[in-house]
>>> print(open('data.cif').read())   # mmCIF, C-alpha atoms
data_my_file
loop_
_atom_site.group_PDB
_atom_site.id
_atom_site.type_symbol
_atom_site.label_atom_id
_atom_site.label_comp_id
_atom_site.auth_asym_id
_atom_site.auth_seq_id
_atom_site.Cartn_x
_atom_site.Cartn_y
_atom_site.Cartn_z
ATOM 1 C CA THR P 1 13.601 19.576 0.544
ATOM 2 C CA GLY P 2 14.152 18.263 4.059
ATOM 3 C CA SER P 3 12.038 20.985 5.683
ATOM 4 C CA GLY P 4 9.257 20.424 3.159
ATOM 5 C CA MET P 5 9.205 16.707 3.891
ATOM 6 C CA ALA P 6 9.122 17.447 7.629
ATOM 7 C CA ARG P 7 6.094 19.713 7.192
ATOM 8 C CA LYS P 8 4.377 17.051 5.075
ATOM 9 C CA THR P 9 4.910 14.448 7.778
ATOM 10 C CA ALA P 10 3.610 16.834 10.460
ATOM 11 C CA ARG P 11 0.408 17.441 8.474
ATOM 12 C CA GLU P 12 -0.164 13.747 7.943
ATOM 13 C CA SER P 13 0.104 12.985 11.667
ATOM 14 C CA SER P 14 -3.083 14.976 12.368
ATOM 15 C CA PHE P 15 -5.463 12.587 10.582
ATOM 16 C CA PRO P 16 -8.007 11.066 13.024
ATOM 17 C CA VAL P 17 -8.114 7.320 13.560
ATOM 18 C CA ASP P 18 -11.925 7.215 13.454
ATOM 19 C CA LEU P 19 -11.936 8.668 9.935
ATOM 20 C CA ILE P 20 -9.476 6.030 8.756
ATOM 21 C CA GLU P 21 -11.460 3.216 10.355
ATOM 22 C CA ALA P 22 -14.637 4.482 8.684
ATOM 23 C CA GLY P 23 -12.885 4.455 5.309
ATOM 24 C CA LEU P 24 -11.701 0.889 5.808
ATOM 25 C CA ALA P 25 -15.280 -0.172 6.534
ATOM 26 C CA PHE P 26 -16.716 1.514 3.423
ATOM 27 C CA ASP P 27 -19.587 -0.420 1.832
ATOM 28 C CA ILE P 28 -21.114 0.869 -1.379
ATOM 29 C CA ARG P 29 -24.461 -0.646 -0.377
ATOM 30 C CA GLN P 30 -24.570 1.688 2.635
ATOM 31 C CA ALA P 31 -23.516 4.791 0.705
ATOM 32 C CA GLN P 32 -25.839 7.764 0.948
ATOM 33 C CA ALA P 33 -27.051 9.896 -1.971
ATOM 34 C CA SER P 34 -28.867 13.240 -1.933
ATOM 35 C CA VAL P 35 -31.617 11.656 -4.023
ATOM 36 C CA ALA P 36 -32.700 8.102 -3.137
ATOM 37 C CA SER P 37 -33.005 7.043 -6.783
ATOM 38 C CA ASP P 38 -29.384 8.026 -7.406
ATOM 39 C CA ARG P 39 -28.247 5.334 -4.984
ATOM 40 C CA ASP P 40 -30.253 2.710 -6.863
ATOM 41 C CA HIS P 41 -28.811 3.926 -10.166
ATOM 42 C CA ILE P 42 -25.274 3.651 -8.809
ATOM 43 C CA LEU P 43 -25.771 0.140 -7.458
ATOM 44 C CA ASN P 44 -27.437 -1.033 -10.663
ATOM 45 C CA SER P 45 -24.625 0.471 -12.714
ATOM 46 C CA VAL P 46 -22.017 -1.339 -10.618
ATOM 47 C CA ALA P 47 -23.940 -4.609 -10.903
ATOM 48 C CA GLY P 48 -24.491 -4.150 -14.631
ATOM 49 C CA PHE P 49 -28.278 -4.053 -14.337
ATOM 50 C CA ASP P 50 -30.984 -1.742 -15.716
ATOM 51 C CA LEU P 51 -30.635 1.600 -13.933
ATOM 52 C CA GLU P 52 -34.359 1.892 -13.245
ATOM 53 C CA GLY P 53 -34.746 -1.519 -11.612
ATOM 54 C CA ILE P 54 -34.425 -2.518 -7.977
ATOM 55 C CA PRO P 55 -30.730 -3.146 -7.250
ATOM 56 C CA PRO P 56 -29.733 -6.546 -5.856
ATOM 57 C CA GLU P 57 -28.874 -6.759 -2.172
ATOM 58 C CA GLN P 58 -25.711 -8.724 -2.948
ATOM 59 C CA HIS P 59 -23.492 -8.824 -6.029
ATOM 60 C CA PRO P 60 -19.844 -9.803 -6.685
ATOM 61 C CA ASN P 61 -19.222 -6.402 -8.275
ATOM 62 C CA TYR P 62 -20.118 -4.711 -4.977
ATOM 63 C CA VAL P 63 -17.339 -6.698 -3.314
ATOM 64 C CA GLU P 64 -14.840 -5.725 -6.007
ATOM 65 C CA VAL P 65 -15.706 -2.026 -5.809
ATOM 66 C CA ASN P 66 -15.532 -2.049 -2.009
ATOM 67 C CA THR P 67 -12.149 -3.766 -2.097
ATOM 68 C CA ARG P 68 -10.652 -1.351 -4.620
ATOM 69 C CA LEU P 69 -11.980 1.775 -2.900
ATOM 70 C CA ARG P 70 -10.811 0.593 0.529
ATOM 71 C CA SER P 71 -7.385 -0.105 -0.950
ATOM 72 C CA LEU P 72 -7.214 3.358 -2.510
ATOM 73 C CA PHE P 73 -8.210 4.939 0.791
ATOM 74 C CA ALA P 74 -5.658 2.839 2.681
ATOM 75 C CA ARG P 75 -2.803 3.817 0.368
ATOM 76 C CA THR P 76 -3.688 7.471 0.892
ATOM 77 C CA PHE P 77 -3.220 7.202 4.665
ATOM 78 C CA PHE P 78 -0.516 4.508 4.822
ATOM 79 C CA ARG P 79 2.392 6.912 5.135
ATOM 80 C CA SER P 80 0.644 8.866 7.893
ATOM 81 C CA ALA P 81 -0.111 5.705 9.852
ATOM 82 C CA LEU P 82 3.489 4.482 9.674
ATOM 83 C CA SER P 83 4.892 7.858 10.672
ATOM 84 C CA THR P 84 2.790 7.958 13.850
ATOM 85 C CA ALA P 85 2.785 4.252 14.814
ATOM 86 C CA SER P 86 -1.001 4.395 14.447
ATOM 87 C CA PRO P 87 -3.021 1.371 15.618
ATOM 88 C CA VAL P 88 -4.693 1.232 12.185
ATOM 89 C CA ARG P 89 -1.457 0.204 10.424
ATOM 90 C CA THR P 90 -2.474 -3.457 10.296
ATOM 91 C CA GLY P 91 -5.889 -2.650 8.871
ATOM 92 C CA LEU P 92 -4.423 -0.373 6.222
ATOM 93 C CA ALA P 93 -1.873 -2.978 5.129
ATOM 94 C CA SER P 94 -4.584 -5.630 4.909
ATOM 95 C CA ALA P 95 -6.851 -3.363 2.845
ATOM 96 C CA ILE P 96 -4.066 -2.604 0.385
ATOM 97 C CA SER P 97 -3.085 -6.247 -0.063
ATOM 98 C CA ALA P 98 -6.716 -7.294 -0.504
ATOM 99 C CA ASP P 99 -6.858 -5.636 -3.926
ATOM 100 C CA ARG P 100 -6.029 -8.733 -5.965
ATOM 101 C CA SER P 101 -6.561 -6.863 -9.231
ATOM 102 C CA ARG P 102 -3.699 -4.431 -8.593
ATOM 103 C CA THR P 103 -0.532 -5.193 -10.559
ATOM 104 C CA ASP P 104 1.372 -1.901 -10.119
ATOM 105 C CA MET P 105 2.016 -0.090 -6.824
ATOM 106 C CA LYS P 106 4.151 2.810 -5.645
ATOM 107 C CA LEU P 107 4.766 3.707 -1.994
ATOM 108 C CA ASN P 108 6.501 6.920 -1.006
ATOM 109 C CA LEU P 109 7.785 6.713 2.570
ATOM 110 C CA ALA P 110 10.795 8.964 2.000
ATOM 111 C CA GLY P 111 11.851 11.066 4.974
ATOM 112 C CA LEU P 112 10.351 8.820 7.656
ATOM 113 C CA THR P 113 13.657 8.577 9.509
ATOM 114 C CA ASP P 114 12.220 6.516 12.369
ATOM 115 C CA ALA P 115 10.776 3.892 10.035
ATOM 116 C CA GLY P 116 12.669 0.679 10.694
ATOM 117 C CA ASP P 117 12.281 -3.072 10.430
ATOM 118 C CA GLU P 118 8.896 -2.947 12.174
ATOM 119 C CA GLU P 119 7.527 -0.553 9.575
ATOM 120 C CA MET P 120 8.920 -2.710 6.777
ATOM 121 C CA GLU P 121 6.782 -5.531 8.127
ATOM 122 C CA TYR P 122 3.682 -3.464 7.391
ATOM 123 C CA VAL P 123 5.023 -2.659 3.934
ATOM 124 C CA VAL P 124 5.499 -6.314 2.996
ATOM 125 C CA ASN P 125 2.093 -7.174 4.453
ATOM 126 C CA SER P 126 0.545 -4.588 2.116
ATOM 127 C CA LEU P 127 1.813 -6.199 -1.101
ATOM 128 C CA PRO P 128 -1.054 -7.384 -3.346
ATOM 129 C CA PRO P 129 -0.651 -11.042 -4.404
ATOM 130 C CA HIS P 130 -0.536 -10.409 -8.167
ATOM 131 C CA LEU P 131 1.803 -7.431 -8.154
ATOM 132 C CA CYS P 132 4.013 -7.113 -11.254
ATOM 133 C CA LYS P 133 5.605 -3.692 -10.691
ATOM 134 C CA PHE P 134 6.580 -2.255 -7.304
ATOM 135 C CA SER P 135 8.284 1.011 -6.369
ATOM 136 C CA LEU P 136 9.273 1.895 -2.794
ATOM 137 C CA GLU P 137 10.956 5.097 -1.611
ATOM 138 C CA MET P 138 12.367 5.053 1.930
ATOM 139 C CA GLN P 139 15.289 7.464 1.776
ATOM 140 C CA GLY P 140 16.839 8.113 5.173
ATOM 141 C CA ALA P 141 14.860 5.429 6.971
ATOM 142 C CA SER P 142 16.188 3.253 9.806
ATOM 143 C CA ILE P 143 15.585 -0.049 8.026
ATOM 144 C CA GLY P 144 18.447 -2.541 8.126
ATOM 145 C CA ASP P 145 19.605 -5.888 6.812
ATOM 146 C CA ALA P 146 16.588 -7.739 8.215
ATOM 147 C CA SER P 147 14.297 -5.507 6.169
ATOM 148 C CA MET P 148 16.208 -6.256 2.981
ATOM 149 C CA GLU P 149 15.807 -9.990 3.450
ATOM 150 C CA ARG P 150 12.170 -9.707 4.543
ATOM 151 C CA LEU P 151 11.245 -7.580 1.545
ATOM 152 C CA ALA P 152 12.911 -9.847 -0.998
ATOM 153 C CA SER P 153 11.339 -12.995 0.439
ATOM 154 C CA SER P 154 7.890 -11.352 0.505
ATOM 155 C CA LEU P 155 7.757 -10.115 -3.085
ATOM 156 C CA PRO P 156 4.995 -11.925 -5.015
ATOM 157 C CA GLN P 157 6.137 -14.587 -7.442
ATOM 158 C CA SER P 158 4.433 -12.555 -10.175
ATOM 159 C CA ILE P 159 6.798 -9.595 -9.682
ATOM 160 C CA GLU P 160 8.653 -8.443 -12.807
ATOM 161 C CA ALA P 161 10.027 -4.981 -11.979
ATOM 162 C CA VAL P 162 11.139 -3.468 -8.678
ATOM 163 C CA ALA P 163 12.505 0.016 -7.938
ATOM 164 C CA LEU P 164 13.864 0.657 -4.427
ATOM 165 C CA GLU P 165 15.192 4.003 -3.237
ATOM 166 C CA PHE P 166 17.045 3.302 0.005
ATOM 167 C CA SER P 167 19.714 6.012 -0.121
ATOM 168 C CA GLY P 168 20.735 7.234 3.321
ATOM 169 C CA CYS P 169 19.538 4.068 5.069
ATOM 170 C CA ARG P 170 22.752 3.648 7.048
ATOM 171 C CA ASN P 171 21.776 0.380 8.724
ATOM 172 C CA ILE P 172 21.852 -1.525 5.432
ATOM 173 C CA SER P 173 25.132 -3.373 4.875
ATOM 174 C CA ASP P 174 26.618 -5.961 2.537
ATOM 175 C CA VAL P 175 24.885 -8.643 4.603
ATOM 176 C CA GLY P 176 21.480 -7.221 3.776
ATOM 177 C CA LEU P 177 22.320 -6.772 0.109
ATOM 178 C CA GLU P 178 23.465 -10.374 -0.226
ATOM 179 C CA ALA P 179 20.360 -11.614 1.594
ATOM 180 C CA PHE P 180 18.214 -9.564 -0.756
ATOM 181 C CA ARG P 181 19.913 -10.981 -3.837
ATOM 182 C CA SER P 182 19.475 -14.541 -2.609
ATOM 183 C CA LYS P 183 15.739 -14.167 -1.892
ATOM 184 C CA ILE P 184 14.359 -12.227 -4.871
ATOM 185 C CA PRO P 185 11.829 -14.136 -7.009
ATOM 186 C CA SER P 186 13.144 -15.738 -10.187
ATOM 187 C CA ALA P 187 10.542 -13.965 -12.343
ATOM 188 C CA LEU P 188 12.097 -10.564 -11.630
ATOM 189 C CA GLN P 189 13.289 -8.961 -14.868
ATOM 190 C CA SER P 190 14.155 -5.395 -13.805
ATOM 191 C CA LEU P 191 15.698 -4.135 -10.550
ATOM 192 C CA SER P 192 16.622 -0.561 -9.681
ATOM 193 C CA LEU P 193 18.260 -0.343 -6.264
ATOM 194 C CA SER P 194 19.716 2.873 -4.832
ATOM 195 C CA LEU P 195 21.995 2.354 -1.802
ATOM 196 C CA THR P 196 23.948 5.605 -1.787
ATOM 197 C CA GLY P 197 24.855 6.638 1.748
ATOM 198 C CA THR P 198 24.281 3.171 3.237
ATOM 199 C CA SER P 199 26.900 0.875 4.792
ATOM 200 C CA VAL P 200 27.113 -1.298 1.672
ATOM 201 C CA TRP P 201 30.644 -1.774 0.310
ATOM 202 C CA LYS P 202 32.244 -0.077 3.309
#
>>> encode(input="data.cif", output="structure tokens")
Amino acid sequence: TGSGMARKTARESSFPVDLIEAGLAFDIRQAQASVASDRDHILNSVAGFDLEGIPPEQHPNYVEVNTRLRSLFARTFFRSALSTASPVRTGLASAISADRSRTDMKLNLAGLTDAGDEEMEYVVNSLPPHLCKFSLEMQGASIGDASMERLASSLPQSIEAVALEFSGCRNISDVGLEAFRSKIPSALQSLSLSLTGTSVWK
């Protein structure tokens, strides 16, 4: 419901910036364990080495784990950051897009009525480069025609399926819809686009 979404947004706005910044800087090599040997076991497991050996200082798997965990953390706080115009928005978007292994992503920004073209810029900057499936909910947002064109032109060439819930976004018109259609990648096979309550076809 509308009141439930409002309460959700209010809760999210209380998250501290320092906590988010710490999450974006997570490094598995610096992680603490209650027992020192457990840390070595974890690092060796990630690196694919014998658990009882001395873990390597550097390993490509450390980088992959750090990237995926930072991305997961960033997606958790992305909605909160956009709803409060937090200064960590850029960092969160970058962390999400850095996960090159991600092929499926869903973002729920429904009910953020003040989210407009500026917020869409952070959304498109968060898209991982090898994304195949993307779902975005922004019901009731203030995005307009510029956002439609920007989103379509920013979708990865690998994209195959897109689901967009933009109902109630009154600033979207036929101009934005046509711009979207002209910019979507040729590889796209499935498109679900909800524009109920917008200015399209008026």
>>> residues_around(input="data.cif", residues="Pro87 (chain P)", least_positions_apart="6", cutoff="12 Å", atoms="all atoms listed in the file", output="compact mmCIF listing (two decimals) with C-alpha atoms, in the coordinates of the input")
# COMPACT_ATOMS: atom_id res chain seq x y z
CA PRO P 16 -8.01 11.07 13.02
CA VAL P 17 -8.11 7.32 13.56
CA ASP P 18 -11.92 7.22 13.45
CA ILE P 20 -9.48 6.03 8.76
CA GLU P 21 -11.46 3.22 10.36
CA PHE P 78 -0.52 4.51 4.82
CA SER P 80 0.64 8.87 7.89
CA ALA P 81 -0.11 5.70 9.85
CA ALA P 93 -1.87 -2.98 5.13
CA TYR P 122 3.68 -3.46 7.39
>>> closest_residue(input="data.cif", among="P:Val175, P:Met138, P:Val123, P:Val200", to="Leu151 (chain P)", atoms="only C-alpha atoms")
P:Val123
>>> residues_around(input="data.cif", residues="Arg75 (chain P)", least_positions_apart="5", cutoff="9 Å", atoms="all atoms listed in the file", output="ChimeraX atom specification")
/P:70,92-93,95-96,107
>>> resolve_selection(input="data.cif", expression="the PyMOL selection byres ((chain P and resi 56) around 9)", output="ChimeraX atom specification")
/P:43-44,47,49,54-55,57-59
>>> closest_residue(input="data.cif", among="P:Ile172, P:Leu127, P:Val65, P:Leu193", to="Ser158 (chain P)", atoms="only C-alpha atoms")
P:Leu127
>>> resolve_selection(input="data.cif", expression="the PyMOL selection byres ((chain P and resi 168) around 8)", output="PDB file with C-alpha atoms, in the frame of the given file")
ATOM      1  CA  GLN P 139      15.289   7.464   1.776  1.00  0.00           C
ATOM      2  CA  GLY P 140      16.839   8.113   5.173  1.00  0.00           C
ATOM      3  CA  ALA P 141      14.860   5.429   6.971  1.00  0.00           C
ATOM      4  CA  PHE P 166      17.045   3.302   0.005  1.00  0.00           C
ATOM      5  CA  SER P 167      19.714   6.012  -0.121  1.00  0.00           C
ATOM      6  CA  CYS P 169      19.538   4.068   5.069  1.00  0.00           C
ATOM      7  CA  ARG P 170      22.752   3.648   7.048  1.00  0.00           C
ATOM      8  CA  LEU P 195      21.995   2.354  -1.802  1.00  0.00           C
ATOM      9  CA  THR P 196      23.948   5.605  -1.787  1.00  0.00           C
ATOM     10  CA  GLY P 197      24.855   6.638   1.748  1.00  0.00           C
ATOM     11  CA  THR P 198      24.281   3.171   3.237  1.00  0.00           C
TER      12      THR P 198
END
>>> closest_residue(input="data.cif", among="P:Ser135, P:Ser45, P:Thr113, P:Gln189", to="Thr84 (chain P)", atoms="only C-alpha atoms")
P:Thr113
>>> atom_distance(input="data.cif", atom1="CA of Asn108 (chain P)", atom2="CA of Ser71 (chain P)")
15.6 Å
>>> atom_distance(input="data.cif", atom1="CA of Leu82 (chain P)", atom2="CA of Ala115 (chain P)")
7.3 Å
>>> resolve_selection(input="data.cif", expression="the PyMOL selection byres ((chain P and resi 188) around 7)", output="ChimeraX atom specification")
/P:159-161,185-187,189-190
>>> closest_residue(input="data.cif", among="P:Leu112, P:Ala152, P:Val162, P:Ala146", to="Arg181 (chain P)", atoms="all atoms listed in the file")
P:Ala152
>>> build_atoms(input="data.cif", residues="region 152-163 of chain P", atoms="all heavy atoms", output="compact mmCIF listing (two decimals), in the coordinates of the input")
# COMPACT_ATOMS: atom_id res chain seq x y z
N ALA P 152 12.64 -8.97 0.14
CA ALA P 152 12.91 -9.85 -1.00
C ALA P 152 12.12 -11.14 -0.91
O ALA P 152 11.56 -11.61 -1.91
CB ALA P 152 14.40 -10.15 -1.08
N SER P 153 12.04 -11.71 0.27
CA SER P 153 11.34 -13.00 0.44
C SER P 153 9.83 -12.83 0.39
O SER P 153 9.11 -13.82 0.25
CB SER P 153 11.75 -13.65 1.76
OG SER P 153 11.38 -12.83 2.87
N SER P 154 9.33 -11.59 0.49
CA SER P 154 7.89 -11.35 0.50
C SER P 154 7.35 -10.86 -0.83
O SER P 154 6.14 -10.73 -1.00
CB SER P 154 7.54 -10.32 1.59
OG SER P 154 7.92 -10.77 2.86
N LEU P 155 8.22 -10.57 -1.78
CA LEU P 155 7.76 -10.12 -3.08
C LEU P 155 6.96 -11.23 -3.76
O LEU P 155 7.36 -12.39 -3.73
CB LEU P 155 8.94 -9.73 -3.97
CG LEU P 155 9.69 -8.46 -3.58
CD1 LEU P 155 10.98 -8.33 -4.40
CD2 LEU P 155 8.82 -7.22 -3.77
N PRO P 156 5.81 -10.90 -4.35
CA PRO P 156 5.00 -11.92 -5.01
C PRO P 156 5.77 -12.61 -6.13
O PRO P 156 6.64 -12.00 -6.76
CB PRO P 156 3.81 -11.13 -5.58
CG PRO P 156 3.76 -9.87 -4.77
CD PRO P 156 5.18 -9.57 -4.43
N GLN P 157 5.46 -13.85 -6.38
CA GLN P 157 6.14 -14.59 -7.44
C GLN P 157 5.84 -14.00 -8.82
O GLN P 157 6.57 -14.28 -9.78
CB GLN P 157 5.73 -16.06 -7.40
CG GLN P 157 6.24 -16.80 -6.16
CD GLN P 157 7.76 -16.75 -6.05
OE1 GLN P 157 8.47 -17.07 -6.99
NE2 GLN P 157 8.24 -16.34 -4.88
N SER P 158 4.80 -13.19 -8.91
CA SER P 158 4.43 -12.56 -10.18
C SER P 158 5.26 -11.31 -10.48
O SER P 158 5.18 -10.76 -11.58
CB SER P 158 2.95 -12.16 -10.13
OG SER P 158 2.69 -11.29 -9.03
N ILE P 159 6.08 -10.86 -9.54
CA ILE P 159 6.80 -9.60 -9.68
C ILE P 159 7.78 -9.63 -10.85
O ILE P 159 8.49 -10.60 -11.06
CB ILE P 159 7.54 -9.23 -8.38
CG1 ILE P 159 7.87 -7.73 -8.34
CG2 ILE P 159 8.78 -10.07 -8.17
CD1 ILE P 159 6.67 -6.87 -8.09
N GLU P 160 7.77 -8.54 -11.65
CA GLU P 160 8.65 -8.44 -12.81
C GLU P 160 9.61 -7.27 -12.71
O GLU P 160 10.73 -7.34 -13.23
CB GLU P 160 7.82 -8.31 -14.08
CG GLU P 160 6.94 -9.52 -14.37
CD GLU P 160 6.05 -9.31 -15.58
OE1 GLU P 160 6.09 -8.19 -16.15
OE2 GLU P 160 5.32 -10.24 -15.96
N ALA P 161 9.18 -6.18 -12.07
CA ALA P 161 10.03 -4.98 -11.98
C ALA P 161 9.93 -4.37 -10.59
O ALA P 161 8.82 -4.18 -10.06
CB ALA P 161 9.61 -3.96 -13.04
N VAL P 162 11.08 -4.05 -10.02
CA VAL P 162 11.14 -3.47 -8.68
C VAL P 162 12.09 -2.27 -8.70
O VAL P 162 13.20 -2.35 -9.24
CB VAL P 162 11.63 -4.49 -7.63
CG1 VAL P 162 11.86 -3.82 -6.28
CG2 VAL P 162 10.64 -5.63 -7.49
N ALA P 163 11.66 -1.17 -8.09
CA ALA P 163 12.50 0.02 -7.94
C ALA P 163 12.53 0.40 -6.47
O ALA P 163 11.48 0.70 -5.89
CB ALA P 163 11.97 1.17 -8.78
